[in-house]
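Scroll down for the structure; my scribbles are underneath it.
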Amino acid sequence: MNMNDYDVTDVLAAVTQPALEHLAATIDREFERREPRSTTHYEWAAAHLGVDATDLVVLSEGVDTPLGHSVGRWLYDAQARWSAEHAGAFVDRPAASETVPGAAGDMRAFHSATVVLPAGAVGPAPVVLRILSGAYGIEVELIGRSEDGGALPDVFGAFLRARRTVDSPYRLGAYRVSTNNRGLALGRWTPPAATRELLKLDASVWRTVDRSVHRVLELADDLKARGLGTSTGLLLVGPPGTGKTQLGTVVANELHGRTTVLVPGTYVTEHYLTELFDLAADLSPCLILMDDLDLIAGERGQTNPHRLREFLNVMDGGLADRSGVVVIASTNDHRKVDKAARRSSRFDTVIKMEPPVLEGRLAILERYLAWCDTALDLAAVARATDGATGADLKELVRTTVLDTNDDVTTDALLAQAAVGRWRSERPTAGQYL
Ligand SMILES: Nc1ncnc2c1ncn2[C@@H]1O[C@H](COP(=O)(O)OP(=O)(O)OP(=O)(O)O)[C@@H](O)[C@H]1O
Ligand SMILES: [Mg+2]
């Protein structure tokens, strides 16, 4: 017998048939394992809605973590409220819940649950809402009767919108924004205590902050109602140590509890800018603090002007269609950012944070030596520290305290001023360490 006696197709079939049969059997087994569960789930819903399982309408939407938490939280509360007030609210067992970091503190939220809601809870008809969290995402399902089918998409849309915006448990809290495989995720952020009294800046800086941050956020609703723009970007430009990060922290403290504050990580700013602005608009009024734009917009030491401009343009678009969002961003890189930022209409305010002048240095020295009861000639120290930033002066005081064992004198301060590190040549823009 030679090879030609075999039909190739037969050979292939002989080889693949067992494999295919095995696969089919595996799929069947898998279906058997899953089917009873989902059947039960829809049948359960149908029974509670008083219809046959074939008379159901099911709407479903994949949601990100903040929305998933908001829905889970609402269901958790609704279930308690409606069960108490109406005999008709049930939760299918087992329901899993988790703790989520809301603005008003940690709160319980359903993570996976199916809840029957009577007429009036979500729209005019009774519905079943289901939340399902898995490794690949969070799914929200609305199950209703076909007889109500026409109205259900609007009901579902309005329900999700309210959970994402005005009713979000995240609204008016402060968060660090990171990412997970479903998109953005929020972790609570407590801004370090900081006040204007402790950060000695020129009064004109605070006036600008009042006008372009506080007023805008306070009047967000009014401005929106009148069709006026309610979004601004404030760009702080200046060398390291001039108080840019600290200014953001002060503002975050001042707005705490009245405005949502978002502090995005570098990865979010680079890759999820649109989502970040959407989230900010949903949770508005909202302040976004973007520190150290240089790190985002270019590698240290070799800022890429194209990337920076692109970033600013995205920001521009980001702010253009969203209201009640204010961005405070900071950068060291005068030359490149300045130009790009001026073109970008939405970074409408640029504050130059220069090393302080004589008066400013005096104020900063007084602030860091407020505890000291020795008579000191701080004006002399201020005169000797031309070019020093707030951070430099803080360091000068700190080093003097350490060197003199707490016995700070004008001479010791002046000696320290003579060797101050700001005297060493300043690196060129974009190359700060
Ligand atoms: N005007 C100031 N008054 C009081 N403290 C100041 C002032 N400027 C800076 N400091 C202090 O210096 C330190 C550094 O400030 P900050 O981190 O805000 O600088 P920065 O401008 O963000 O620097 P970088 O560009 O390196 O990020 C902080 O402890 C801050 O309190
Ligand atoms: Mg900083």
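By order of appearance in the structure tokens: chains A, B, ..., then residues from 1 within every chain, and ligands from 1 in the order shown.
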Find the residues around stretch 92-108 of chain A up to 7 Å (only C-alpha atoms counted), leave out those fewer than 5 positions away in its own chain, and share them as a PyMOL selection string.
chain A and resi 69+73+113-115+169-173+187-188
Within 6 Å of ligand 2, which residues show up when you count only C-alpha atoms and all ligand atoms? List them as a VMD selection string, please.
chain A and resid 244 to 245 292
Convert the current residue selection to file output with N, CA, C and O atoms, as a compact mmCIF listing (two decimals), in the first residue's frame.
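Done, and the output landed in result.txt:
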```txt
# COMPACT_ATOMS: atom_id res chain seq x y z
N LYS A 244 5.15 76.65 43.61
CA LYS A 244 4.09 76.29 42.66
C LYS A 244 3.22 75.15 43.19
O LYS A 244 2.00 75.23 43.22
N THR A 245 3.88 74.07 43.62
CA THR A 245 3.14 72.92 44.14
C THR A 245 2.36 73.34 45.38
O THR A 245 1.20 72.99 45.56
N ASP A 292 4.10 69.75 37.83
CA ASP A 292 5.27 69.39 37.06
C ASP A 292 4.96 68.93 35.64
O ASP A 292 5.22 67.81 35.25
```
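Closest approach to ligand 1 among A:Leu219, A:Val350, A:Ala193, A:Ala384 is made by A:Ala193 (distances from only C-alpha atoms and all ligand atoms).
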Looking only at the backbone, which of the residues in stretch 142-366 of chain A does DSSP tag as strand (DSSP E), as a PyMOL selection string?
chain A and resi 142-145+174-180+183-188+232-237+260-264+286-290+325-331+349-352
Residue set, stretch 162-303 of chain A restricted to helix (DSSP H, G or I), as a ChimeraX atom specification:
/A:162-164,203-218,220-225,244-255,266-271,273-282,293-297
Let me see the file: selected residues, C-alpha atoms, as a PDB file, in the first residue's frame.
```
ATOM      1  CA  ALA A 162     -27.421  60.959  37.514  1.00  0.00           C
ATOM      2  CA  ARG A 163     -25.134  58.367  39.117  1.00  0.00           C
ATOM      3  CA  ARG A 164     -22.171  59.735  37.171  1.00  0.00           C
ATOM      4  CA  ALA A 203      -0.717  89.786  46.888  1.00  0.00           C
ATOM      5  CA  SER A 204      -1.204  90.008  43.133  1.00  0.00           C
ATOM      6  CA  VAL A 205      -0.766  86.225  42.862  1.00  0.00           C
ATOM      7  CA  TRP A 206      -3.597  85.625  45.300  1.00  0.00           C
ATOM      8  CA  ARG A 207      -5.794  88.168  43.540  1.00  0.00           C
ATOM      9  CA  THR A 208      -5.307  86.258  40.304  1.00  0.00           C
ATOM     10  CA  VAL A 209      -6.078  82.967  42.055  1.00  0.00           C
ATOM     11  CA  ASP A 210      -9.237  84.487  43.528  1.00  0.00           C
ATOM     12  CA  ARG A 211     -10.414  85.719  40.174  1.00  0.00           C
ATOM     13  CA  SER A 212      -9.532  82.802  37.964  1.00  0.00           C
ATOM     14  CA  VAL A 213     -10.096  79.921  40.355  1.00  0.00           C
ATOM     15  CA  HIS A 214     -12.354  80.743  43.280  1.00  0.00           C
ATOM     16  CA  ARG A 215     -14.803  83.048  41.511  1.00  0.00           C
ATOM     17  CA  VAL A 216     -15.095  80.754  38.525  1.00  0.00           C
ATOM     18  CA  LEU A 217     -15.829  77.685  40.630  1.00  0.00           C
ATOM     19  CA  GLU A 218     -18.214  79.492  42.955  1.00  0.00           C
ATOM     20  CA  ALA A 220     -19.966  77.840  37.905  1.00  0.00           C
ATOM     21  CA  ASP A 221     -23.717  77.202  37.959  1.00  0.00           C
ATOM     22  CA  ASP A 222     -24.664  80.837  37.336  1.00  0.00           C
ATOM     23  CA  LEU A 223     -22.153  81.234  34.535  1.00  0.00           C
ATOM     24  CA  LYS A 224     -23.320  77.997  32.969  1.00  0.00           C
ATOM     25  CA  ALA A 225     -26.960  79.086  33.134  1.00  0.00           C
ATOM     26  CA  LYS A 244       4.085  76.295  42.661  1.00  0.00           C
ATOM     27  CA  THR A 245       3.139  72.924  44.137  1.00  0.00           C
ATOM     28  CA  GLN A 246       2.420  74.566  47.445  1.00  0.00           C
ATOM     29  CA  LEU A 247       0.083  77.086  45.804  1.00  0.00           C
ATOM     30  CA  GLY A 248      -1.977  74.220  44.363  1.00  0.00           C
ATOM     31  CA  THR A 249      -2.123  72.638  47.796  1.00  0.00           C
ATOM     32  CA  VAL A 250      -3.294  75.883  49.404  1.00  0.00           C
ATOM     33  CA  VAL A 251      -6.078  76.256  46.832  1.00  0.00           C
ATOM     34  CA  ALA A 252      -7.085  72.604  47.269  1.00  0.00           C
ATOM     35  CA  ASN A 253      -7.383  73.230  51.015  1.00  0.00           C
ATOM     36  CA  GLU A 254      -9.454  76.338  50.475  1.00  0.00           C
ATOM     37  CA  LEU A 255     -11.871  74.552  48.171  1.00  0.00           C
ATOM     38  CA  THR A 266       1.574  61.218  35.225  1.00  0.00           C
ATOM     39  CA  TYR A 267       0.204  58.243  33.307  1.00  0.00           C
ATOM     40  CA  VAL A 268      -3.324  59.610  33.476  1.00  0.00           C
ATOM     41  CA  THR A 269      -2.226  63.021  32.223  1.00  0.00           C
ATOM     42  CA  GLU A 270      -0.349  61.435  29.371  1.00  0.00           C
ATOM     43  CA  HIS A 271      -2.839  58.852  28.216  1.00  0.00           C
ATOM     44  CA  LEU A 273      -6.593  63.305  29.375  1.00  0.00           C
ATOM     45  CA  THR A 274     -10.009  63.237  27.722  1.00  0.00           C
ATOM     46  CA  GLU A 275     -11.385  60.787  30.275  1.00  0.00           C
ATOM     47  CA  LEU A 276      -9.935  62.951  33.038  1.00  0.00           C
ATOM     48  CA  PHE A 277     -11.714  66.056  31.738  1.00  0.00           C
ATOM     49  CA  ASP A 278     -14.958  64.121  31.264  1.00  0.00           C
ATOM     50  CA  LEU A 279     -14.759  62.913  34.839  1.00  0.00           C
ATOM     51  CA  ALA A 280     -13.969  66.432  36.054  1.00  0.00           C
ATOM     52  CA  ALA A 281     -16.966  67.860  34.187  1.00  0.00           C
ATOM     53  CA  ASP A 282     -19.196  65.116  35.609  1.00  0.00           C
ATOM     54  CA  LEU A 293       4.074  69.580  33.520  1.00  0.00           C
ATOM     55  CA  ASP A 294       7.687  69.161  32.395  1.00  0.00           C
ATOM     56  CA  LEU A 295       7.719  65.595  33.557  1.00  0.00           C
ATOM     57  CA  ILE A 296       4.611  64.961  31.529  1.00  0.00           C
ATOM     58  CA  ALA A 297       5.363  67.032  28.517  1.00  0.00           C
TER      59      ALA A 297
END
```
Sort by chain and increasing residue number a table of all residues of chain A within 10 Å of ligand 1, each with its closest pair of atoms and their distance in Å to one decimal, counting only C-alpha atoms and all ligand atoms, and write it as a tab-separated table.
```
residue	atom	partner	partner_atom_place_in_ligand_line	distance
A:Ala194	CA	ligand 1	31 (O)	8.3
A:Thr195	CA	ligand 1	31 (O)	9.9
A:Arg196	CA	ligand 1	3 (N)	8.8
A:Glu197	CA	ligand 1	3 (N)	8.7
A:Leu198	CA	ligand 1	4 (C)	5.8
A:Leu199	CA	ligand 1	3 (N)	3.9
A:Lys200	CA	ligand 1	3 (N)	3.8
A:Leu201	CA	ligand 1	1 (N)	4.9
A:Asp202	CA	ligand 1	1 (N)	8.2
A:Leu236	CA	ligand 1	21 (O)	8.5
A:Val237	CA	ligand 1	21 (O)	8.3
A:Gly238	CA	ligand 1	21 (O)	6.6
A:Pro239	CA	ligand 1	25 (O)	5.5
A:Pro240	CA	ligand 1	25 (O)	3.3
A:Gly241	CA	ligand 1	19 (O)	3.5
A:Thr242	CA	ligand 1	21 (O)	3.9
A:Gly243	CA	ligand 1	18 (O)	3.1
A:Lys244	CA	ligand 1	21 (O)	3.8
A:Thr245	CA	ligand 1	22 (O)	3.7
A:Gln246	CA	ligand 1	18 (O)	3.7
A:Leu247	CA	ligand 1	18 (O)	6.4
A:Gly248	CA	ligand 1	18 (O)	8.0
A:Thr249	CA	ligand 1	18 (O)	8.4
A:Val250	CA	ligand 1	18 (O)	9.8
A:Asp291	CA	ligand 1	27 (O)	7.3
A:Asp292	CA	ligand 1	27 (O)	6.0
A:Leu293	CA	ligand 1	27 (O)	9.5
A:Asp294	CA	ligand 1	25 (O)	9.2
A:Ser330	CA	ligand 1	22 (O)	7.3
A:Thr331	CA	ligand 1	25 (O)	6.4
A:Asn332	CA	ligand 1	25 (O)	5.5
A:Asp333	CA	ligand 1	25 (O)	9.2
A:Met353	CA	ligand 1	21 (O)	7.6
A:Glu354	CA	ligand 1	21 (O)	9.2
A:Pro355	CA	ligand 1	8 (N)	8.1
A:Pro356	CA	ligand 1	1 (N)	7.0
A:Gly360	CA	ligand 1	1 (N)	7.1
A:Arg361	CA	ligand 1	1 (N)	7.8
A:Ala363	CA	ligand 1	3 (N)	7.7
A:Ile364	CA	ligand 1	3 (N)	5.1
A:Leu365	CA	ligand 1	4 (C)	8.3
A:Glu366	CA	ligand 1	4 (C)	9.7
A:Arg367	CA	ligand 1	4 (C)	7.1
A:Tyr368	CA	ligand 1	4 (C)	7.7
A:Ala388	CA	ligand 1	8 (N)	9.8
A:Thr389	CA	ligand 1	8 (N)	6.2
A:Gly390	CA	ligand 1	8 (N)	3.4
A:Ala391	CA	ligand 1	12 (O)	3.3
A:Asp392	CA	ligand 1	12 (O)	7.0
A:Leu393	CA	ligand 1	12 (O)	7.9
A:Lys394	CA	ligand 1	12 (O)	6.3
A:Glu395	CA	ligand 1	12 (O)	8.2
A:Tyr432	CA	ligand 1	26 (O)	7.6
A:Leu433	CA	ligand 1	26 (O)	7.9
```
Of A:Ile351, A:Val397, A:Leu67, A:Leu414, the one nearest to A:Leu160 when counting only C-alpha atoms is A:Leu67
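Using only C-alpha atoms, the shortest contact distance between A:Gly157 and any of A:Leu235, A:Ile143, A:Ala380, A:Leu59 is found at A:Leu59.
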Quick one: residues within 12 Å of A:Arg161, only C-alpha atoms counted, chain neighbours fewer than 5 positions away excluded, as JSON, numbers by chain?
{"A": [63, 67, 68, 70, 71, 154, 155, 156, 166, 167, 168, 279, 282, 283]}
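Within 8 Å of A:Leu129, once only C-alpha atoms are used and residues closer than 2 positions along the same chain are dropped, the contacting residues are Thr114, Val115, Val116, Leu117, Val127, Ile131, Val140, Glu141, Leu142 and Ile143 of chain A.
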I'd like to know which of A:Glu147, A:Leu75, A:Glu21, A:Ala80 is closest to A:Leu56, using only C-alpha atoms.
A:Glu147
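Interatomic distance, atom CA of A:Leu152 to atom CA of A:Ala109: 23.9 Å.
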Go ahead and compute the interatomic distance for atom CA of A:Ala382 and atom CA of A:Gly420, in Å to one decimal.
12.3 Å
Kindly indicate which residue among A:Val263, A:Leu234, A:Leu396, A:Ala47 lies nearest to A:Ala329, using only C-alpha atoms for the distances.
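Closest candidate: A:Leu234.
Atom pair atom CA of A:Leu289 / atom CA of A:Val261: separated by 7.5 Å.
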